[in-house]
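Asker: Here you go, one structure.
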Amino acid sequence: MRIRCPYCGERDNGEFSYLGDAAPQRPDGLEASAEAMHDYVYLRDNPAGTIRELWYHASGCRSWLVVTRDTRTHAIESVEPARDVARARRSGEAA
Amino acid sequence: MSEPATTPTPAFLWRPRGAWEGIAKIGGHGASADAPGIRLTLREGQGLATIVAADGREADLRAILAERFGLSVPEAGATAFDGERGLVWSAPGQWLAVSPTRQGFDALPAALQGVAAVTDQSDGRALVRVSGPKARTLLAKGVAIDLHPRAFGPGRAAVTSIAHIGVQFWQRDAGPTYDIAVARSFAGSFWGWLEHAAAEFGYEVA
Amino acid sequence: MTTLALQRAEPLGSASTAQAFRTAQGGLIERRRTLDFTFDGKRLTGCHGDTLASALLANGVRLVGRSFKYHRPRGILTAGSEEPNALVELRSGARREPNTRATMAELYEGLEAASQNRWPSLAVDALSVNALLAPVFAAGFYYKTFMWPASLWEKLYEPMIRRAAGLGRAADAPDPDIYDRAHAHCDVLVIGGGPAGLSAALAAGRSGARVILVDEDFVTGGRLLAERREIGGESGAAWAARAVAELQSLPEVRILSRTTLFGVYDHGSYGAVERVSDHVAVPAAHAPRQRLWRIVAKRAVLAAGALERPHVFGGNDRPGVMLAGAVRTYLNRYGVLPGRRVAVFTSSDDGWRTVADVLAAGGTVPAVIDTRASVPPQLRRMAEAAGARVVVGGYVAGTKGHLGLTAIQVVDGYDSTETIACDCLAMANGWNPVVHLDSHLSRRPVWNEAIHAFVPGPLPSGMRAVGAAAGLFSLSGCLESGARAGAEAATDCGFAASAEPAPATDPESEGHIPLWRVPRPKGKAFADFQNDVAATDVELAHREGFRAVELLKRYTTLGMATDQGKTSNLAGLSIMAELTGQSIPSVGTTVFRPPFTPVAIGAFAGHHRGKDFRATRYVPSHAWAEENGGVFVETGLWLRPAYFPKAGETDWLETVVREVETVRARVGVCDVTTLGKIDIQGRDALAFIERVCANPFATLPVGKARYAVLLREDGFVLDDGTIARLAETHYVMTASTANAAKVMQHLEFCRQWLWPELDVQLASVSEQWAQYAVAGPRARDTLRRVIDPGFDIGNEAFPFLACADVTVGGGIPARLFRISFSGELAYELAVPAAYGDAAWRALMQAGLPYGITAYGSEALSVMRIEKGHAAGAEINGQTTARDLGLGGMLAKKKDYVGRLMKERPALTDPDRPMLVGFRPVEPGARLRAGAHFLALGAAPSLEADEGVMTSVAYSPSLKSWIGIGLIRRGPERHGERVRAYDPVRDADVEVEICSPVFVDPKEEKLRV
């Protein structure tokens, strides 16, 4: 596979390490419930189709990336910097 | 409690050891030693520093580097050099500052206080310059990045790996000439790859 | 006997000279450049431009090998990479290479080849009795015969099978050659150098696009070299040579010949292997033998051609039975007559081309057998004019000859049989497009009824199939489709390309009706030559219910040989279709996986072998350690000094004991550079550290360091280390050697994904700093002689856990941390790595008056076990902070990674194994890490298991073996005795549970 890092350009997948589903959000703070944390840590969708997932450009710029990929074909729709996605989410939550 | 502090050990012991010392052998090697396809120039004693911009302070960083150090800040995947002194993009908001002397960036941490984190890396990397008619072919053996002039020319930089060893390299001129930086502890293994890959072209180490 | 006569009989022209089967003229070989070679020790001569196969045939050698299972005599079936039979050993000694296809081996001066899978000789093979036992060796025979008793498998069955089966012998000395790896990128990758591929490369290359043409042959041109065809009034071979010359003149076009594209991977990635020096006896100095290419292409044109199909009839494996296309290749490209009397067995018009070519080369054609009910009259007239017996609507039922073909048994349309003498039979049963590469990404080929063959199904993104690979078998179709696809591919990449009209070609007819197997074969009719799978094996699989293609394949091993069934797959499938009354497309086909043809492991390994198998990281004190007899140990990628034997010390334990005792009594120095070191800066550095560490840091003042424990979000311990506060917003964290990269990745995850709002800057400084532990009662005295005057490192000014910037050697910046892993008065001194060697030597010299010792990772480990510090064996991904006795230090009033999940009932179960110490009840008894704890008297069982010993050491301080480990409710059980049971090493030791801190439990030595 080749993944187009938004900073480094297209690279072999060997440069990246894989984490998984980017959907779960960490329930931050002392008020967070154990149940919510359990779901965050363990519950994952496993779709045959498009999924947003986290990859780390370990051998490159060390950016965490959100890769939108079709699990059936490996076709990659988009690659976004995870930090930008996380910040947008935070500002969405604040708004 | 014990005897008072005695004289420090003699200064002659405090000789810096080059990153390539005991690894690279100066001279001609491999095939066609009379017309080597590769020149490897060991670049010891360079000043290197990592600059990581603080959040939202990139504009200030650019201003200070331009005004006080005469350095311009390159975009992603690029370098900005004035002679042998300049910046190499490393990661978002992060650059490797390169200077011909170890003292080149002594003033940086204070000047960038609050604007960027500066860490000395002068000893953390081993630097080698690769040139000669087969330089591009040689590098293409190691990196999975397109080095064709249409895709990667002078002023371009990349962080990647060669033979499973992390490297940062940048192109200095259209010759092409490349500078490669590799973590110091990996210098021996990296050199092993370099020798293996360069042998068929013949190479000269300076 | 008959065979030997035939090999040397009936010379054309001159008497039985060398190369008696070479034609008088023609071909693309250089007749004046002769090459001497040997086959099974016999000296033979060929020509420059020959393959081993063509040179053998030129010398009348038809028997080349023995088959895999039945040891049947086999010859040369094909002229290409699909060859299933003619596998030989090439070269000798360390360069001996088994299972090389003679059809792909380029002849060179002095080539040594040997037949394989025969004993004592090729002509007399003792194991050919297997053929008599054929009924025993039917499909599924391993599964049925060697099932019982199981105890005999390892001792008897497997060694027996391995001796009888298997093919060539690998070299038993290290390969002396160099294998190289390289990457290439292009706009358009063209796979195959035949008419379609050349047309595609020309159309794309002329536009300025970057083109790579990969061709497995050593002369580019594909079938144009093998057929007597015309393009635009010149010969196909001449046209190909001109096309190659033009491509070579285009600066952005690269032709990789002798290169097999063996794999298609996602997103336009391809694997190819270039045989750089396989065509010479020994590679030139420093030149690689082979080069593995990883190619990335925006577009690809698949022009891999097609493979001719054998007929399935009795004795179709006899040496002398060949594919008709291969016969033409030997005639037209190599100037070799594969036989004097070449009969043709065809189901297609193009089989008849063989008749004309044999006649043109001076051979005779005794018979043409066409399986179809009618044939074009002009073809029939041409054959009959040359004296050939023409049988229409008949078939070849069987063959005769001991070690090579002497006659065929022909059944005509009226079912009457006649025997026709011949020494070569050319079979033409149509062609299969090479669908291997386009199916590498699990895309199934689809059936094309018009050409009776599987053609590429949905193609991988960016790939186009052209010419014969797409089922377009006519030369004009190849030229036209190639040019069009080449132009389209270049256009896709942004180049202005257009396909020029294809040049005219000579007329051709494409009539074809396949015969999947003959109705009544005489003798064994093979579907798969390389794995010896006969039509009857497919019938057996059908009878026994293994009818699905995937089951058929595995039960019979059809298509599972190194040729991946290139000549056999469809034969097997079509027979199963007939038996089940299904159509071939409903039976379906298995898909192919990389590699297209076998690739030497050496090519994949490249430079990564021997000491370069993987990278090695060296510590800054390495040169000193080598000079001083250090013994090294691999720790991850690091090569660390394990211990430093002195003269007279006879075993490692003696050395380690001396090192530990010296540290505990005097002073020692140890290289701890391998720890990960992460610089953490920024406005929110503290807030960040508070969230990633489980213990509190808000109270850590500038100039102090603190032990840090990091959890994973699931509540288990990730790693431990120290964090030192160098300035208000500047910290440096250490991570354990093994986890350094993992911790950095985790911190980046927290910074970028979990809490992007925090202003934190991370930088790895692991490589910048050499770091040395200086430990022992005289550590301070030693350091005072190394650190520049003016820095007060006395106990009051620089107490336990202090940290400060200092200088050494007259102004060299350094960092000093008063931290201890050994439990002694100890410091860690960090200096810039370039001064690491000097600092080490300075410390050794400074400590000389105090009796300093260098100590390695073994003594380091002994001392940490004596202190009960958890390390890799305890922080193993399955332990919580509480398990390790660290529960008390965890923060109560902050959120951090792992906070909630560590409270899960199972992780707080009081019955969980927890860290304690163990000492043997009987003095001197040896403990073993990995031993399991059992109650005294309890029988060993999973239920009785109470925990495990994680680390042990011989403690010089206690003069006894000690251990630390995890046992249920450990901290409540001090003084209790249990068994440390280790059945693997036959050890069963009674131990007493104790505190894990064996030395200085009150920590008095730390703080002096």
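Labels for the structure tokens follow display order: chains A, B, ..., residues from 1 in each chain, ligands from 1.
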List the neighbours of Asn13 of chain A out to 7 Å using only C-alpha atoms; skip same-chain residues closer than 3 positions along the sequence, and give me the result as JSON, numbers by chain.
Answerer: {"A": [1, 2, 3, 16]}
Asker: Got time to write the residues from that selection, N, CA and C atoms, as a compact mmCIF listing (two decimals), in the first residue's frame?
Answerer:
```txt
# COMPACT_ATOMS: atom_id res chain seq x y z
N MET A 1 0.84 -1.21 0.00
CA MET A 1 0.00 0.00 0.00
C MET A 1 0.87 1.25 0.00
N ARG A 2 0.34 2.30 -0.56
CA ARG A 2 1.01 3.60 -0.52
C ARG A 2 0.04 4.56 0.15
N ILE A 3 0.55 5.33 1.09
CA ILE A 3 -0.28 6.30 1.81
C ILE A 3 0.30 7.69 1.55
N PHE A 16 4.61 3.45 8.05
CA PHE A 16 3.53 3.82 8.96
C PHE A 16 3.25 2.69 9.94
```
Asker: Write out as a PyMOL selection string the residues lying within 9 Å of segment 44-56 of chain A, counting only C-alpha atoms and excluding same-chain residues fewer than 3 positions away.
Answerer: (chain A and resi 15-24+39-41+59-73+75-77+82) or (chain C and resi 745+749)
Asker: Show me, as a tab-separated table, the residues of chain C having an atom within 8 Å of chain A, each with the closest atom pair and its distance in Å, using only C-alpha atoms.
Answerer:
```
residue	atom	partner	partner_atom	distance
C:Tyr265	CA	A:Met1	CA	7.0
C:Asp266	CA	A:Met1	CA	4.7
C:His267	CA	A:Met1	CA	5.6
C:Ser269	CA	A:Met1	CA	7.3
C:Glu713	CA	A:Val41	CA	7.0
C:Asp714	CA	A:Val41	CA	6.6
C:Gln745	CA	A:Ala58	CA	7.6
C:Glu748	CA	A:Arg62	CA	7.5
C:Phe749	CA	A:Trp64	CA	6.7
C:Gln752	CA	A:Arg83	CA	4.6
C:Trp753	CA	A:Arg83	CA	5.4
C:Leu754	CA	A:Arg26	CA	7.1
C:Trp755	CA	A:Ala86	CA	7.9
C:Pro756	CA	A:Arg83	CA	5.9
C:Glu757	CA	A:Arg87	CA	7.0
C:Lys893	CA	A:Leu30	CA	7.9
C:Lys894	CA	A:Leu30	CA	6.8
C:Asp895	CA	A:Gly29	CA	5.4
C:Leu900	CA	A:Ala34	CA	5.8
C:Met901	CA	A:Ala34	CA	6.9
```
Asker: As a PyMOL selection string, please: every residue in segment 803-961 of chain C that DSSP puts in strand (DSSP E or B).
Answerer: chain C and resi 803-808+812-817+826-832+853-854+913-920+932-935+947-955+960-961
Asker: Neighbouring residues of Trp20 of chain B were defined as those with any atom within 10 Å, considering only C-alpha atoms; residues of the same chain fewer than 3 positions away were excluded. Please report them as a PyMOL selection string.
Answerer: chain B and resi 17+23-25+42-44+126-128+184+187-188+191
Asker: Restrict the selected residues to C-alpha atoms and save them as an mmCIF file, in the first residue's frame.
Answerer:
```
data_model
loop_
_atom_site.group_PDB
_atom_site.id
_atom_site.type_symbol
_atom_site.label_atom_id
_atom_site.label_comp_id
_atom_site.auth_asym_id
_atom_site.auth_seq_id
_atom_site.Cartn_x
_atom_site.Cartn_y
_atom_site.Cartn_z
ATOM 1 C CA ARG B 17 34.908 11.498 18.661
ATOM 2 C CA ILE B 23 33.526 3.309 10.686
ATOM 3 C CA ALA B 24 34.317 5.133 7.436
ATOM 4 C CA LYS B 25 37.639 4.507 5.748
ATOM 5 C CA LEU B 42 31.989 12.914 5.849
ATOM 6 C CA ARG B 43 30.602 15.996 7.491
ATOM 7 C CA GLU B 44 31.863 16.006 11.043
ATOM 8 C CA ALA B 126 26.000 11.455 11.598
ATOM 9 C CA LEU B 127 26.092 13.471 8.386
ATOM 10 C CA VAL B 128 27.421 12.393 5.022
ATOM 11 C CA ARG B 184 24.528 8.459 15.534
ATOM 12 C CA ALA B 187 26.088 5.144 11.829
ATOM 13 C CA GLY B 188 27.934 1.816 11.602
ATOM 14 C CA TRP B 191 27.644 2.819 6.517
#
```
Asker: Neighbouring residues of Arg68 of chain B were defined as those with any atom within 12 Å, considering only C-alpha atoms; residues of the same chain fewer than 6 positions away were excluded. Please report them as a list in words.
Answerer: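 The filter keeps Asp60, Leu61, Arg62, Phe105, Ala107, Leu108, Ala110, Ala111 and Leu112 of chain B.
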Asker: Grab the residues selected above and save them as a tab-separated table (two decimals), in the first residue's frame with C-alpha atoms.
Answerer:
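The new file result-v9.tsv reads:
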```tsv
chain	number	residue	atom	x	y	z
B	60	ASP	CA	7.08	35.04	15.38
B	61	LEU	CA	9.53	32.23	14.79
B	62	ARG	CA	9.89	33.21	11.12
B	105	PHE	CA	23.28	28.06	17.00
B	107	ALA	CA	22.24	31.91	20.59
B	108	LEU	CA	19.10	30.19	19.33
B	110	ALA	CA	17.57	32.23	24.26
B	111	ALA	CA	16.40	34.10	21.18
B	112	LEU	CA	13.50	31.71	20.67
```
Asker: Could you check the closest approach to Ala197 of chain B for each of B:Ala59, B:Ala19, B:Leu138, B:Leu87 and tell me which residue wins, using only C-alpha atoms?
Answerer: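 Closest to Ala197 of chain B, using only C-alpha atoms: B:Leu138.
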Asker: Report the closest atom pair, with its distance in Å rounded to one decimal, for each residue of chain B that has an atom no farther than 7 Å from chain C; count only C-alpha atoms, sort by chain and then rising residue number, and write it as CSV.
Answerer:
```
residue,atom,partner,partner_atom,distance
B:Ala5,CA,C:Arg784,CA,5.5
B:Thr6,CA,C:Arg785,CA,5.8
B:Thr7,CA,C:Arg785,CA,6.2
B:Pro8,CA,C:Arg785,CA,4.5
B:Thr9,CA,C:Val786,CA,6.2
B:Ala11,CA,C:Gly809,CA,6.0
B:Leu13,CA,C:Ala838,CA,5.7
B:Trp14,CA,C:Ala838,CA,5.0
B:Arg15,CA,C:Ala838,CA,6.1
B:Pro16,CA,C:Tyr835,CA,4.8
B:Arg17,CA,C:Ala834,CA,4.9
B:Gly18,CA,C:Ala834,CA,6.2
B:Ala19,CA,C:Ala834,CA,6.9
B:Gly30,CA,C:His286,CA,6.3
B:Ala31,CA,C:His286,CA,6.0
B:Val52,CA,C:Gln761,CA,6.1
B:Ala54,CA,C:Asp759,CA,6.4
B:Asp55,CA,C:Asp759,CA,5.5
B:Ala117,CA,C:Gln681,CA,6.2
B:Gln121,CA,C:Gln768,CA,5.4
B:Asp123,CA,C:Gln768,CA,5.0
B:Gly124,CA,C:Gln768,CA,3.8
B:Ala140,CA,C:His183,CA,5.5
B:Lys141,CA,C:Ala182,CA,3.7
B:Gly142,CA,C:Ala182,CA,6.5
B:Val143,CA,C:His183,CA,7.0
B:Ala144,CA,C:His183,CA,5.7
B:Asp146,CA,C:His185,CA,5.8
B:Ala183,CA,C:Glu767,CA,6.4
B:Arg184,CA,C:Glu767,CA,6.1
B:Ser185,CA,C:Arg617,CA,4.8
B:Phe186,CA,C:Arg617,CA,5.0
B:Ser189,CA,C:Ala615,CA,5.4
B:Trp193,CA,C:His607,CA,6.8
B:His196,CA,C:His607,CA,6.8
B:Ala199,CA,C:His286,CA,5.6
B:Glu200,CA,C:His286,CA,4.7
```
Asker: Choose the residue, out of A:Tyr7, A:Leu43, A:Gly92, A:Glu80, that has the smallest atom-to-atom separation from chain B; count only C-alpha atoms.
Answerer: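 Comparing A:Tyr7, A:Leu43, A:Gly92, A:Glu80 against chain B, the winner is A:Tyr7.
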Asker: Determine the nearest neighbour of Arg136 of chain B from the options B:Thr177, B:Thr101, B:Gln168, B:Ser72, counting only C-alpha atoms.
Answerer: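 Looking at the shortest contact to Arg136 of chain B, the residue is B:Thr177.
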Asker: For atom CA of Ala980 of chain C and atom CA of Pro996 of chain C, quote the distance in Å rounded to one decimal.
Answerer: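 That distance, rounded to one decimal, is 15.9 Å.
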Asker: Could you list, as a PyMOL selection string, every residue of chain B that has an atom within 12 Å of an atom of chain A, counting only C-alpha atoms?
Answerer: chain B and resi 55+75-78+89-95+143-146+151-152+156-169
Asker: Once you have the residues from the selection above, write them out as a short mmCIF file (atom, residue, chain, number, x, y, z; two decimals), in the first residue's frame, restricted to C-alpha atoms.
Answerer:
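The result, stored in part-v4.cif:
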```cif
data_model
loop_
_atom_site.label_atom_id
_atom_site.label_comp_id
_atom_site.auth_asym_id
_atom_site.auth_seq_id
_atom_site.Cartn_x
_atom_site.Cartn_y
_atom_site.Cartn_z
CA ASP B 55 1.56 26.60 19.16
CA GLU B 75 7.79 24.82 3.74
CA ALA B 76 6.99 21.14 4.24
CA GLY B 77 9.43 18.89 2.38
CA ALA B 78 11.86 21.70 1.63
CA TRP B 89 11.97 20.80 7.25
CA SER B 90 11.53 17.76 9.53
CA ALA B 91 7.89 17.59 10.59
CA PRO B 92 4.93 19.94 10.90
CA GLY B 93 6.21 22.95 12.84
CA GLN B 94 9.63 21.37 13.16
CA TRP B 95 12.95 22.02 11.45
CA VAL B 143 14.72 5.25 -0.39
CA ALA B 144 11.26 4.53 -1.72
CA ILE B 145 10.84 8.17 -2.73
CA ASP B 146 10.84 9.33 -6.34
CA ALA B 151 9.70 15.01 -8.54
CA PHE B 152 12.61 15.87 -6.23
CA ARG B 156 13.85 19.28 -1.34
CA ALA B 157 14.06 17.31 1.89
CA ALA B 158 12.54 14.10 3.24
CA VAL B 159 12.40 12.09 6.42
CA THR B 160 12.26 8.39 5.63
CA SER B 161 14.24 5.22 6.14
CA ILE B 162 17.03 3.41 4.34
CA ALA B 163 17.61 -0.27 5.08
CA HIS B 164 15.24 0.06 8.05
CA ILE B 165 17.30 2.90 9.50
CA GLY B 166 15.65 6.30 9.93
CA VAL B 167 17.24 9.01 7.80
CA GLN B 168 16.67 12.63 6.93
CA PHE B 169 18.11 13.74 3.61
#
```
Asker: For a test of reading the model, state the distance in Å between atom CA of Ile76 of chain C and atom CA of Arg333 of chain C, rounded to one decimal.
Answerer: 15.9 Å
Asker: Assign secondary structure with DSSP using the backbone only, and return the residues of chain A in alpha helix (DSSP H) as a list in words.
Answerer: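 Everything in chain A that counts as alpha helix (DSSP H) is Ala34, Glu35, Ala36, Met37, His38, Asp39, Tyr40, Val41, Tyr42, Ala82, Arg83, Asp84, Val85, Ala86, Arg87, Ala88, Arg89, Arg90, Ser91, Gly92, Glu93 and Ala94 of chain A.
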Asker: For segment 401-417 of chain C, work out the shell of residues within 8 Å, counting only C-alpha atoms and skipping chain neighbours fewer than 3 positions away, then give it as a tab-separated table (two decimals) with N, CA and C atoms, in the first residue's frame.
Answerer:
```
chain	number	residue	atom	x	y	z
C	1	MET	N	17.86	-47.37	-25.17
C	1	MET	CA	18.63	-47.81	-26.33
C	1	MET	C	18.12	-47.10	-27.58
C	2	THR	N	16.85	-47.21	-27.77
C	2	THR	CA	16.22	-46.53	-28.89
C	2	THR	C	16.51	-45.04	-28.83
C	3	THR	N	16.41	-44.53	-27.63
C	3	THR	CA	16.59	-43.10	-27.46
C	3	THR	C	17.98	-42.66	-27.83
C	6	LEU	N	18.34	-42.45	-31.35
C	6	LEU	CA	17.68	-41.30	-31.94
C	6	LEU	C	18.44	-40.01	-31.70
C	62	ARG	N	17.58	-34.72	-25.09
C	62	ARG	CA	16.15	-34.51	-24.84
C	62	ARG	C	15.76	-34.86	-23.42
C	63	LEU	N	16.47	-35.81	-22.83
C	63	LEU	CA	16.17	-36.22	-21.46
C	63	LEU	C	16.91	-35.27	-20.52
C	73	PRO	N	10.98	-39.94	-16.76
C	73	PRO	CA	11.90	-39.14	-17.59
C	73	PRO	C	11.17	-37.92	-18.14
C	75	GLY	N	11.62	-34.07	-20.37
C	75	GLY	CA	12.44	-33.27	-21.26
C	75	GLY	C	12.06	-31.81	-21.18
C	123	ALA	N	19.66	-41.57	-16.67
C	123	ALA	CA	19.09	-42.61	-17.53
C	123	ALA	C	18.59	-43.81	-16.72
C	318	ARG	N	6.38	-37.43	-22.19
C	318	ARG	CA	7.61	-38.07	-22.66
C	318	ARG	C	8.53	-37.05	-23.32
C	319	PRO	N	9.83	-37.13	-23.02
C	319	PRO	CA	10.76	-36.18	-23.65
C	319	PRO	C	10.63	-36.22	-25.16
C	320	GLY	N	10.44	-35.04	-25.76
C	320	GLY	CA	10.17	-34.96	-27.19
C	320	GLY	C	8.78	-34.41	-27.46
C	321	VAL	N	7.91	-34.52	-26.46
C	321	VAL	CA	6.58	-33.89	-26.59
C	321	VAL	C	6.72	-32.44	-26.13
C	369	ILE	N	-2.10	-34.02	-36.78
C	369	ILE	CA	-3.36	-34.53	-36.24
C	369	ILE	C	-4.14	-33.34	-35.71
C	391	VAL	N	-4.48	-36.11	-40.26
C	391	VAL	CA	-5.63	-36.75	-39.62
C	391	VAL	C	-6.52	-35.64	-39.07
C	392	VAL	N	-7.72	-35.56	-39.58
C	392	VAL	CA	-8.66	-34.53	-39.12
C	392	VAL	C	-9.71	-35.21	-38.24
C	393	GLY	N	-10.06	-34.57	-37.14
C	393	GLY	CA	-11.05	-35.15	-36.24
C	393	GLY	C	-10.50	-36.32	-35.45
C	394	GLY	N	-9.19	-36.42	-35.35
C	394	GLY	CA	-8.58	-37.49	-34.56
C	394	GLY	C	-7.79	-36.92	-33.40
C	395	TYR	N	-7.03	-37.79	-32.77
C	395	TYR	CA	-6.22	-37.31	-31.65
C	395	TYR	C	-5.05	-38.25	-31.42
C	396	VAL	N	-4.11	-37.77	-30.62
C	396	VAL	CA	-3.00	-38.62	-30.20
C	396	VAL	C	-3.41	-39.26	-28.88
C	397	ALA	N	-3.43	-40.58	-28.84
C	397	ALA	CA	-3.87	-41.27	-27.63
C	397	ALA	C	-2.70	-41.60	-26.71
C	398	GLY	N	-1.55	-41.89	-27.30
C	398	GLY	CA	-0.41	-42.28	-26.47
C	398	GLY	C	0.89	-42.06	-27.18
C	420	ILE	N	2.70	-43.86	-35.54
C	420	ILE	CA	3.49	-43.05	-36.47
C	420	ILE	C	4.81	-42.72	-35.81
C	421	ALA	N	5.90	-43.02	-36.49
C	421	ALA	CA	7.22	-42.75	-35.91
C	421	ALA	C	7.52	-41.26	-35.97
C	422	CYS	N	8.02	-40.73	-34.88
C	422	CYS	CA	8.45	-39.33	-34.82
C	422	CYS	C	9.33	-39.18	-33.59
C	423	ASP	N	10.17	-38.17	-33.56
C	423	ASP	CA	10.97	-37.94	-32.36
C	423	ASP	C	10.60	-36.64	-31.68
C	424	CYS	N	9.62	-35.94	-32.24
C	424	CYS	CA	9.12	-34.75	-31.58
C	424	CYS	C	7.65	-34.61	-31.89
```
Asker: What does the structure give for the distance between atom CA of Ile29 of chain C and atom CA of Gly193 of chain C, in Å to one decimal?
Answerer: 18.7 Å
Asker: Residues near Gly86 of chain B, anyone? I mean within 8 Å using only C-alpha atoms, not counting same-chain ones fewer than 6 positions away, as a list in words.
Answerer: Leu71, Ser72, Thr79, Ala80, Ala97, Val98 and Ser99 of chain B
